[in-house]
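work_38.cif (mmCIF, N, CA and C atoms) appears below.
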```cif
data_final
loop_
_atom_site.group_PDB
_atom_site.id
_atom_site.type_symbol
_atom_site.label_atom_id
_atom_site.label_comp_id
_atom_site.auth_asym_id
_atom_site.auth_seq_id
_atom_site.Cartn_x
_atom_site.Cartn_y
_atom_site.Cartn_z
ATOM 1 N N GLY A 152 98.837 90.433 80.366
ATOM 2 C CA GLY A 152 97.682 91.288 80.291
ATOM 3 C C GLY A 152 96.507 90.801 81.113
ATOM 4 N N LEU A 153 96.583 89.580 81.658
ATOM 5 C CA LEU A 153 95.448 89.037 82.405
ATOM 6 C C LEU A 153 95.129 89.881 83.637
ATOM 7 N N TYR A 154 96.157 90.349 84.342
ATOM 8 C CA TYR A 154 95.930 91.185 85.525
ATOM 9 C C TYR A 154 95.099 92.414 85.165
ATOM 10 N N PHE A 155 95.470 93.091 84.083
ATOM 11 C CA PHE A 155 94.762 94.300 83.681
ATOM 12 C C PHE A 155 93.348 93.982 83.210
ATOM 13 N N GLN A 156 93.181 92.861 82.560
ATOM 14 C CA GLN A 156 91.850 92.453 82.132
ATOM 15 C C GLN A 156 90.954 92.181 83.336
ATOM 16 N N LEU A 157 91.485 91.478 84.335
ATOM 17 C CA LEU A 157 90.697 91.146 85.514
ATOM 18 C C LEU A 157 90.397 92.360 86.389
ATOM 19 N N SER A 158 91.293 93.336 86.389
ATOM 20 C CA SER A 158 91.100 94.503 87.257
ATOM 21 C C SER A 158 90.395 95.664 86.563
ATOM 22 N N GLU A 159 90.100 95.537 85.290
ATOM 23 C CA GLU A 159 89.513 96.639 84.530
ATOM 24 C C GLU A 159 88.232 97.180 85.167
ATOM 25 N N HIS A 160 87.326 96.312 85.562
ATOM 26 C CA HIS A 160 86.065 96.763 86.166
ATOM 27 C C HIS A 160 86.321 97.502 87.474
ATOM 28 N N ALA A 161 87.153 96.946 88.328
ATOM 29 C CA ALA A 161 87.434 97.576 89.621
ATOM 30 C C ALA A 161 88.050 98.954 89.436
ATOM 31 N N VAL A 162 89.007 99.071 88.545
ATOM 32 C CA VAL A 162 89.681 100.350 88.329
ATOM 33 C C VAL A 162 88.722 101.362 87.698
ATOM 34 N N SER A 163 87.912 100.935 86.756
ATOM 35 C CA SER A 163 86.986 101.884 86.129
ATOM 36 C C SER A 163 85.971 102.411 87.131
ATOM 37 N N GLN A 164 85.520 101.578 88.051
ATOM 38 C CA GLN A 164 84.587 102.054 89.076
ATOM 39 C C GLN A 164 85.293 103.009 90.048
ATOM 40 N N ALA A 165 86.534 102.712 90.375
ATOM 41 C CA ALA A 165 87.302 103.603 91.251
ATOM 42 C C ALA A 165 87.532 104.963 90.588
ATOM 43 N N MET A 166 87.746 104.972 89.290
ATOM 44 C CA MET A 166 87.945 106.237 88.576
ATOM 45 C C MET A 166 86.660 107.061 88.569
ATOM 46 N N ARG A 167 85.523 106.406 88.505
ATOM 47 C CA ARG A 167 84.245 107.122 88.603
ATOM 48 C C ARG A 167 84.112 107.782 89.970
ATOM 49 N N ILE A 168 84.512 107.060 91.018
ATOM 50 C CA ILE A 168 84.475 107.617 92.372
ATOM 51 C C ILE A 168 85.445 108.786 92.473
ATOM 52 N N ARG A 169 86.659 108.595 91.986
ATOM 53 C CA ARG A 169 87.653 109.670 92.004
ATOM 54 C C ARG A 169 87.138 110.908 91.284
ATOM 55 N N ASP A 170 86.590 110.719 90.094
ATOM 56 C CA ASP A 170 86.115 111.847 89.301
ATOM 57 C C ASP A 170 84.979 112.584 89.996
ATOM 58 N N ALA A 171 84.116 111.862 90.688
ATOM 59 C CA ALA A 171 83.006 112.509 91.403
ATOM 60 C C ALA A 171 83.524 113.373 92.544
ATOM 61 N N PHE A 172 84.486 112.862 93.301
ATOM 62 C CA PHE A 172 85.069 113.668 94.379
ATOM 63 C C PHE A 172 85.812 114.878 93.811
ATOM 64 N N LYS A 173 86.580 114.668 92.742
ATOM 65 C CA LYS A 173 87.313 115.776 92.132
ATOM 66 C C LYS A 173 86.368 116.856 91.625
ATOM 67 N N ALA A 174 85.255 116.446 91.020
ATOM 68 C CA ALA A 174 84.287 117.407 90.481
ATOM 69 C C ALA A 174 83.702 118.296 91.574
ATOM 70 N N LYS A 175 83.664 117.791 92.788
ATOM 71 C CA LYS A 175 83.152 118.566 93.917
ATOM 72 C C LYS A 175 84.257 119.309 94.660
ATOM 73 N N GLY A 176 85.489 119.235 94.158
ATOM 74 C CA GLY A 176 86.584 120.009 94.723
ATOM 75 C C GLY A 176 87.336 119.361 95.869
ATOM 76 N N TYR A 177 87.138 118.066 96.085
ATOM 77 C CA TYR A 177 87.851 117.385 97.159
ATOM 78 C C TYR A 177 89.306 117.147 96.779
ATOM 79 N N ALA A 178 90.188 117.262 97.754
ATOM 80 C CA ALA A 178 91.597 116.920 97.584
ATOM 81 C C ALA A 178 91.768 115.429 97.887
ATOM 82 N N PHE A 179 92.932 114.905 97.516
ATOM 83 C CA PHE A 179 93.229 113.490 97.736
ATOM 84 C C PHE A 179 94.526 113.349 98.514
ATOM 85 N N PHE A 180 94.572 112.327 99.351
ATOM 86 C CA PHE A 180 95.761 112.032 100.141
ATOM 87 C C PHE A 180 96.909 111.606 99.234
ATOM 88 N N VAL A 181 96.599 110.773 98.251
ATOM 89 C CA VAL A 181 97.556 110.359 97.216
ATOM 90 C C VAL A 181 96.815 110.301 95.881
ATOM 91 N N ASP A 182 97.556 110.440 94.803
ATOM 92 C CA ASP A 182 96.989 110.293 93.466
ATOM 93 C C ASP A 182 97.122 108.824 93.096
ATOM 94 N N SER A 183 96.028 108.097 93.166
ATOM 95 C CA SER A 183 96.064 106.647 92.954
ATOM 96 C C SER A 183 95.452 106.269 91.613
ATOM 97 N N PRO A 184 96.206 105.550 90.783
ATOM 98 C CA PRO A 184 95.663 105.067 89.512
ATOM 99 C C PRO A 184 94.995 103.697 89.646
ATOM 100 N N SER A 185 94.791 103.247 90.875
ATOM 101 C CA SER A 185 94.324 101.884 91.123
ATOM 102 C C SER A 185 92.859 101.852 91.570
ATOM 103 N N ASN A 186 92.444 100.696 92.047
ATOM 104 C CA ASN A 186 91.080 100.520 92.545
ATOM 105 C C ASN A 186 90.900 101.083 93.952
ATOM 106 N N GLN A 187 91.900 101.736 94.490
ATOM 107 C CA GLN A 187 91.817 102.371 95.803
ATOM 108 C C GLN A 187 91.919 103.887 95.635
ATOM 109 N N GLN A 188 90.962 104.606 96.220
ATOM 110 C CA GLN A 188 90.947 106.063 96.144
ATOM 111 C C GLN A 188 90.910 106.633 97.557
ATOM 112 N N PHE A 189 91.623 107.747 97.761
ATOM 113 C CA PHE A 189 91.849 108.292 99.093
ATOM 114 C C PHE A 189 91.453 109.772 99.192
ATOM 115 N N PRO A 190 90.158 110.079 99.079
ATOM 116 C CA PRO A 190 89.760 111.481 99.220
ATOM 117 C C PRO A 190 89.909 111.953 100.661
ATOM 118 N N ILE A 191 90.124 113.247 100.802
ATOM 119 C CA ILE A 191 90.166 113.874 102.126
ATOM 120 C C ILE A 191 88.813 114.520 102.354
ATOM 121 N N LEU A 192 88.117 114.043 103.383
ATOM 122 C CA LEU A 192 86.768 114.511 103.665
ATOM 123 C C LEU A 192 86.737 115.331 104.940
ATOM 124 N N ASP A 193 85.848 116.325 104.958
ATOM 125 C CA ASP A 193 85.591 116.968 106.244
ATOM 126 C C ASP A 193 84.827 115.948 107.087
ATOM 127 N N ASN A 194 84.974 116.044 108.378
ATOM 128 C CA ASN A 194 84.431 115.007 109.262
ATOM 129 C C ASN A 194 82.913 114.895 109.187
ATOM 130 N N ASP A 195 82.217 115.996 108.916
ATOM 131 C CA ASP A 195 80.760 115.917 108.770
ATOM 132 C C ASP A 195 80.382 115.096 107.541
ATOM 133 N N THR A 196 81.060 115.324 106.434
ATOM 134 C CA THR A 196 80.799 114.547 105.215
ATOM 135 C C THR A 196 81.154 113.090 105.437
ATOM 136 N N MET A 197 82.265 112.832 106.106
ATOM 137 C CA MET A 197 82.668 111.461 106.386
ATOM 138 C C MET A 197 81.578 110.743 107.188
ATOM 139 N N SER A 198 81.054 111.392 108.198
ATOM 140 C CA SER A 198 79.992 110.793 109.022
ATOM 141 C C SER A 198 78.730 110.550 108.206
ATOM 142 N N ARG A 199 78.388 111.511 107.365
ATOM 143 C CA ARG A 199 77.179 111.368 106.538
ATOM 144 C C ARG A 199 77.328 110.201 105.567
ATOM 145 N N LEU A 200 78.461 110.086 104.904
ATOM 146 C CA LEU A 200 78.664 108.993 103.958
ATOM 147 C C LEU A 200 78.737 107.639 104.657
ATOM 148 N N ALA A 201 79.260 107.628 105.871
ATOM 149 C CA ALA A 201 79.385 106.366 106.625
ATOM 150 C C ALA A 201 78.029 105.766 106.981
ATOM 151 N N GLU A 202 76.990 106.569 106.926
ATOM 152 C CA GLU A 202 75.647 106.041 107.221
ATOM 153 C C GLU A 202 75.191 105.041 106.161
ATOM 154 N N ASN A 203 75.696 105.175 104.931
ATOM 155 C CA ASN A 203 75.207 104.329 103.835
ATOM 156 C C ASN A 203 76.279 103.617 103.023
ATOM 157 N N PHE A 204 77.553 103.935 103.271
ATOM 158 C CA PHE A 204 78.625 103.375 102.448
ATOM 159 C C PHE A 204 79.768 102.882 103.325
ATOM 160 N N LEU A 205 80.454 101.849 102.840
ATOM 161 C CA LEU A 205 81.600 101.309 103.560
ATOM 162 C C LEU A 205 82.889 101.875 102.975
ATOM 163 N N PHE A 206 83.747 102.338 103.843
ATOM 164 C CA PHE A 206 85.076 102.810 103.473
ATOM 165 C C PHE A 206 85.932 102.742 104.720
ATOM 166 N N SER A 207 87.230 102.862 104.551
ATOM 167 C CA SER A 207 88.162 102.793 105.676
ATOM 168 C C SER A 207 88.660 104.185 106.029
ATOM 169 N N VAL A 208 88.773 104.437 107.322
ATOM 170 C CA VAL A 208 89.446 105.655 107.759
ATOM 171 C C VAL A 208 90.926 105.401 107.563
ATOM 172 N N TRP A 209 91.588 106.276 106.817
ATOM 173 C CA TRP A 209 92.985 106.055 106.482
ATOM 174 C C TRP A 209 93.916 106.838 107.397
ATOM 175 N N GLN A 210 93.736 108.163 107.449
ATOM 176 C CA GLN A 210 94.617 108.984 108.278
ATOM 177 C C GLN A 210 93.944 110.311 108.588
ATOM 178 N N LYS A 211 94.025 110.708 109.854
ATOM 179 C CA LYS A 211 93.523 112.012 110.256
ATOM 180 C C LYS A 211 94.459 113.077 109.676
ATOM 181 N N ILE A 212 93.886 114.080 109.028
ATOM 182 C CA ILE A 212 94.672 115.146 108.417
ATOM 183 C C ILE A 212 94.821 116.312 109.388
ATOM 184 N N ASP A 213 93.709 116.716 109.977
ATOM 185 C CA ASP A 213 93.705 117.758 111.005
ATOM 186 C C ASP A 213 92.448 117.553 111.842
ATOM 187 N N GLU A 214 92.115 118.502 112.657
ATOM 188 C CA GLU A 214 90.974 118.339 113.565
ATOM 189 C C GLU A 214 89.644 118.152 112.837
ATOM 190 N N SER A 215 89.545 118.643 111.609
ATOM 191 C CA SER A 215 88.250 118.582 110.932
ATOM 192 C C SER A 215 88.280 117.826 109.594
ATOM 193 N N HIS A 216 89.409 117.204 109.244
ATOM 194 C CA HIS A 216 89.519 116.484 107.975
ATOM 195 C C HIS A 216 90.214 115.135 108.158
ATOM 196 N N THR A 217 89.740 114.158 107.380
ATOM 197 C CA THR A 217 90.281 112.807 107.452
ATOM 198 C C THR A 217 90.408 112.225 106.047
ATOM 199 N N ALA A 218 91.520 111.581 105.769
ATOM 200 C CA ALA A 218 91.674 110.831 104.525
ATOM 201 C C ALA A 218 91.014 109.472 104.725
ATOM 202 N N VAL A 219 90.197 109.085 103.755
ATOM 203 C CA VAL A 219 89.528 107.791 103.802
ATOM 204 C C VAL A 219 89.898 106.991 102.563
ATOM 205 N N ARG A 220 89.617 105.689 102.614
ATOM 206 C CA ARG A 220 89.942 104.822 101.479
ATOM 207 C C ARG A 220 88.678 104.140 100.980
ATOM 208 N N PHE A 221 88.370 104.363 99.717
ATOM 209 C CA PHE A 221 87.334 103.619 99.018
ATOM 210 C C PHE A 221 88.051 102.591 98.155
ATOM 211 N N CYS A 222 87.607 101.342 98.234
ATOM 212 C CA CYS A 222 88.254 100.270 97.485
ATOM 213 C C CYS A 222 87.190 99.505 96.692
ATOM 214 N N THR A 223 87.422 99.361 95.398
ATOM 215 C CA THR A 223 86.498 98.629 94.539
ATOM 216 C C THR A 223 87.110 97.283 94.163
ATOM 217 N N SER A 224 86.271 96.403 93.617
ATOM 218 C CA SER A 224 86.746 95.079 93.209
ATOM 219 C C SER A 224 86.020 94.648 91.941
ATOM 220 N N TRP A 225 86.323 93.444 91.509
ATOM 221 C CA TRP A 225 85.643 92.870 90.353
ATOM 222 C C TRP A 225 84.142 92.774 90.602
ATOM 223 N N ALA A 226 83.737 92.715 91.872
ATOM 224 C CA ALA A 226 82.328 92.518 92.229
ATOM 225 C C ALA A 226 81.599 93.820 92.556
ATOM 226 N N THR A 227 82.265 94.950 92.445
ATOM 227 C CA THR A 227 81.623 96.224 92.774
ATOM 228 C C THR A 227 80.473 96.484 91.806
ATOM 229 N N ASP A 228 79.301 96.706 92.372
ATOM 230 C CA ASP A 228 78.089 96.948 91.603
ATOM 231 C C ASP A 228 78.069 98.396 91.109
ATOM 232 N N GLU A 229 77.864 98.588 89.819
ATOM 233 C CA GLU A 229 77.818 99.933 89.255
ATOM 234 C C GLU A 229 76.717 100.777 89.894
ATOM 235 N N LYS A 230 75.612 100.147 90.263
ATOM 236 C CA LYS A 230 74.518 100.891 90.915
ATOM 237 C C LYS A 230 74.941 101.385 92.286
ATOM 238 N N ALA A 231 75.768 100.636 92.978
ATOM 239 C CA ALA A 231 76.285 101.091 94.277
ATOM 240 C C ALA A 231 77.195 102.306 94.085
ATOM 241 N N VAL A 232 78.004 102.275 93.037
ATOM 242 C CA VAL A 232 78.851 103.429 92.741
ATOM 243 C C VAL A 232 77.990 104.629 92.350
ATOM 244 N N ASP A 233 76.943 104.384 91.573
ATOM 245 C CA ASP A 233 76.022 105.466 91.229
ATOM 246 C C ASP A 233 75.434 106.108 92.484
ATOM 247 N N SER A 234 75.060 105.293 93.455
ATOM 248 C CA SER A 234 74.495 105.802 94.712
ATOM 249 C C SER A 234 75.518 106.652 95.458
ATOM 250 N N LEU A 235 76.762 106.182 95.500
ATOM 251 C CA LEU A 235 77.813 106.959 96.162
ATOM 252 C C LEU A 235 78.022 108.278 95.440
ATOM 253 N N ILE A 236 78.085 108.251 94.131
ATOM 254 C CA ILE A 236 78.285 109.476 93.353
ATOM 255 C C ILE A 236 77.160 110.463 93.631
ATOM 256 N N ASN A 237 75.941 109.978 93.701
ATOM 257 C CA ASN A 237 74.818 110.870 94.008
ATOM 258 C C ASN A 237 74.920 111.452 95.408
ATOM 259 N N ALA A 238 75.448 110.681 96.328
ATOM 260 C CA ALA A 238 75.607 111.157 97.708
ATOM 261 C C ALA A 238 76.732 112.179 97.845
ATOM 262 N N ILE A 239 77.731 112.069 96.978
ATOM 263 C CA ILE A 239 78.847 113.004 97.023
ATOM 264 C C ILE A 239 78.349 114.375 96.622
#
```
Structure encoded using structure tokens:
Amino acid sequence: GLYFQLSEHAVSQAMRIRDAFKAKGYAFFVDSPSNQQFPILDNDTMSRLAENFLFSVWQKIDESHTAVRFCTSWATDEKAVDSLINAI
């Protein structure tokens, strides 16, 4: 159970990110139960979020959409997640 205990914070923050994207109607590249979330963003939204948040470009979906990866950890600050949620 130590793995789950150590990853609890990271996963809970990732679920908050997932839920915020889902609430706004975003699709996901994969359904991830982990600390990694892969929303599909239109390129304008991706550019806007990149101004203030770090994430990885995962895979181009089409000319105007890209799957990105948000990854949380034990050190992810809840206030940083709050800021991302507000930006979404």
*asked:* For the provided coordinates, the residues matched by the PyMOL selection byres ((chain A and resi 187) around 7) should be stated as a PyMOL selection string.
replied: chain A and resi 161-162+165+183-186+188-189+220-223
List every residue of range 208-235 of chain A that has an atom at most 10 Å from any atom of range 199-204 of chain A, giving for each one its closest atom pair and the distance in Å to one decimal, counting only C-alpha atoms, sorted by chain and then by ascending residue number, as JSON lines.
```
{"residue": "A:Phe221", "atom": "CA", "partner": "A:Phe204", "partner_atom": "CA", "distance": 9.4}
{"residue": "A:Ala231", "atom": "CA", "partner": "A:Phe204", "partner_atom": "CA", "distance": 8.8}
{"residue": "A:Val232", "atom": "CA", "partner": "A:Phe204", "partner_atom": "CA", "distance": 9.7}
{"residue": "A:Ser234", "atom": "CA", "partner": "A:Phe204", "partner_atom": "CA", "distance": 9.1}
{"residue": "A:Leu235", "atom": "CA", "partner": "A:Phe204", "partner_atom": "CA", "distance": 7.3}
```
_With all atoms listed in the file as the counted atoms, please give the residues lying no more than 7 Å from Gln210 in chain A, apart from itself and same-chain residues fewer than 4 positions off, as JSON, numbers by chain._
{"A": [216, 217, 218, 219, 220]}
Expected axis-aligned box over every listed atom of range 153-167 of chain A, 8 Å added per side, centre plus edges in Å to one decimal, as AutoDock Vina command-line options:
```
--center_x 90.3 --center_y 98.4 --center_z 86.5 --size_x 28.5 --size_y 34.7 --size_z 25.6
```
*Using only N, CA and C atoms, which of A:Ser215, A:Ser158, A:Ser207, A:Thr227 sits nearest Asn194 in chain A?*
A:Ser215
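Taking CA of Ala171 in chain A and atom C of Ile236 in chain A as endpoints, the distance between them is 6.6 Å.
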*What is the CA of Val181 in chain A-atom N of Gln164 in chain A distance in Å, reported with one decimal?*
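About the pair CA of Val181 in chain A and atom N of Gln164 in chain A: they are 17.5 Å apart.
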*Could you give me, as a ChimeraX atom specification, each residue of chain A that DSSP assigns to helix (DSSP H, G or I) when run on this structure's backbone?*
/A:153-174,194-201,229-238
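Note that the spacing between CA of Thr196 in chain A and CA of Trp225 in chain A amounts to 26.7 Å.
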*Considering all atoms listed in the file, state which residue in the set A:Pro190, A:Phe155, A:Met197, A:His160 is at the smallest distance from Lys173 in chain A.*
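Closest to Lys173 in chain A of all the choices is A:Pro190.
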*Measuring atom to atom with only C-alpha atoms, identify which of A:Phe206, A:Tyr177, A:Phe172, A:Met166 is nearest to Ile239 in chain A.*
A:Phe172
